[in-house]
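Shown here: query-v3.csv, CSV, C-alpha atoms and all ligand atoms.
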```
chain,number,residue,atom,x,y,z
A,191,MET,CA,9.7,-4.5,-2.4
A,192,LEU,CA,10.2,-4.5,1.3
A,193,MET,CA,13.9,-4.5,0.9
A,194,ALA,CA,13.8,-1.2,-1.0
A,195,ASN,CA,12.5,0.5,2.1
A,196,TRP,CA,15.3,-0.8,4.4
A,197,GLU,CA,18.2,1.5,5.1
A,198,LYS,CA,21.4,0.1,3.7
A,199,PRO,CA,23.3,-0.4,6.9
A,200,LEU,CA,20.3,-2.2,8.4
A,201,CYS,CA,19.9,-4.3,5.3
A,202,ARG,CA,23.5,-5.4,5.5
A,203,GLU,CA,23.1,-6.2,9.1
A,204,LEU,CA,20.1,-8.3,8.4
A,205,GLU,CA,21.7,-10.0,5.5
A,206,ALA,CA,24.7,-10.9,7.7
A,207,HIS,CA,22.4,-12.1,10.4
A,208,ILE,CA,20.2,-14.1,8.1
A,209,ALA,CA,23.3,-15.8,6.7
A,210,GLU,CA,24.1,-17.1,10.1
A,211,CYS,CA,20.7,-17.5,11.6
A,212,GLU,CA,18.6,-20.4,10.4
A,213,ASN,CA,15.4,-19.2,12.1
A,214,CYS,CA,15.5,-15.9,10.2
A,215,ARG,CA,16.4,-17.7,6.9
A,216,VAL,CA,13.2,-19.8,7.3
A,217,VAL,CA,11.2,-16.7,7.9
A,218,VAL,CA,12.6,-14.9,4.9
A,219,ASN,CA,12.1,-18.0,2.7
A,220,THR,CA,8.5,-18.3,3.8
A,221,LEU,CA,7.9,-14.7,3.1
A,222,SER,CA,9.3,-14.8,-0.4
A,223,LYS,CA,7.3,-18.0,-1.1
A,224,THR,CA,4.2,-16.2,0.1
A,225,VAL,CA,5.0,-13.3,-2.2
A,226,VAL,CA,5.5,-15.6,-5.2
A,227,LEU,CA,2.2,-17.4,-4.4
A,228,TYR,CA,0.5,-14.0,-4.0
A,229,HIS,CA,1.6,-13.0,-7.5
A,230,GLN,CA,0.5,-16.3,-9.0
A,231,LEU,CA,-3.1,-16.0,-7.7
A,232,PRO,CA,-5.5,-15.0,-10.5
A,233,VAL,CA,-7.6,-12.9,-8.1
A,234,PRO,CA,-5.6,-11.8,-5.1
A,235,GLU,CA,-7.7,-11.3,-2.0
A,236,MET,CA,-7.4,-7.8,-0.6
A,237,PRO,CA,-7.3,-7.3,3.1
A,238,ASN,CA,-10.3,-5.4,4.3
A,239,ALA,CA,-8.1,-2.5,5.5
A,240,VAL,CA,-6.7,-2.1,2.0
A,241,LYS,CA,-10.2,-2.3,0.5
A,242,GLU,CA,-11.4,0.4,2.9
A,243,ARG,CA,-8.5,2.7,2.0
A,244,LEU,CA,-9.0,2.1,-1.7
A,245,TYR,CA,-12.7,2.9,-1.5
A,246,LYS,CA,-12.0,6.0,0.5
A,247,VAL,CA,-9.5,7.1,-2.1
A,248,LEU,CA,-11.8,6.3,-5.0
A,249,ASN,CA,-14.7,8.2,-3.3
A,250,LEU,CA,-12.5,11.2,-2.7
A,251,ASP,CA,-11.3,11.1,-6.3
A,252,ASP,CA,-15.0,11.0,-7.4
A,253,LEU,CA,-16.0,13.9,-5.2
A,254,GLN,CA,-13.1,16.0,-6.4
A,255,ARG,CA,-13.9,15.3,-10.1
A,256,SER,CA,-17.6,16.0,-9.8
A,257,THR,CA,-16.9,19.3,-8.0
A,258,GLN,CA,-14.6,20.3,-10.8
A,259,ASP,CA,-17.1,19.3,-13.4
A,260,ARG,CA,-19.8,21.4,-11.9
A,261,GLY,CA,-17.5,24.3,-12.1
A,262,MET,CA,-17.9,27.7,-10.4
A,263,GLU,CA,-21.7,27.8,-10.5
A,264,SER,CA,-22.2,25.6,-7.4
A,265,SER,CA,-18.9,26.5,-5.7
A,266,SER,CA,-20.1,30.1,-5.3
A,267,LYS,CA,-23.2,28.8,-3.7
A,268,ILE,CA,-21.3,26.5,-1.3
A,269,ALA,CA,-18.8,29.3,-0.4
A,270,PRO,CA,-18.5,29.0,3.4
A,271,GLU,CA,-19.2,32.3,5.2
A,272,ALA,CA,-19.2,32.0,9.0
B,1,ZN,ZN,17.8,-14.5,13.5
```

Can you turn what I pasted into structure tokens?
Amino acid sequence: MLMANWEKPLCRELEAHIAECENCRVVVNTLSKTVVLYHQLPVPEMPNAVKERLYKVLNLDDLQRSTQDRGMESSSKIAPEA
């Protein structure tokens, strides 16, 4: 997933570097193991930052939907006039 975001020249450079650098190979191996473990977890633990963002998005979605459901009746009342 991360790889997809890398620009191709950078990706090639990294691949070449990783092929020669053991430190980076270890890092990459650890990362991919972590990703595999993450996918195997039955209930993955979400970081708080992600949770907050998710809740925000859900709340926004809820607000938008309820505003649409109420239709024009309430939106004409709320119409902002300064
Ligand atoms: Zn390196």

Please, which residues in chain A fall within 7 Å of ligand ZN 1 (chain B) when counting only C-alpha atoms and all ligand atoms, and what is the closest atom pair and distance in Å to one decimal for each, ordered by chain then residue number, as CSV?
```
residue,atom,partner,partner_atom,distance
A:His207,CA,B:ZN1,ZN,6.0
A:Ile208,CA,B:ZN1,ZN,5.9
A:Cys211,CA,B:ZN1,ZN,4.6
A:Glu212,CA,B:ZN1,ZN,6.7
A:Asn213,CA,B:ZN1,ZN,5.5
A:Cys214,CA,B:ZN1,ZN,4.3
```

Which value, in Å to one decimal, gives the distance between CA of His229 in chain A and CA of Leu200 in chain A?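 Between CA of His229 in chain A and CA of Leu200 in chain A the gap is 26.8 Å.
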
As an exercise, work out the distance from CA of Ala209 in chain A to CA of Leu227 in chain A in Å and give it to one decimal place. 23.9 Å

Separation of CA of Thr224 in chain A and CA of Val240 in chain A, in Å?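 For CA of Thr224 in chain A relative to CA of Val240 in chain A, the distance reads 17.9 Å.
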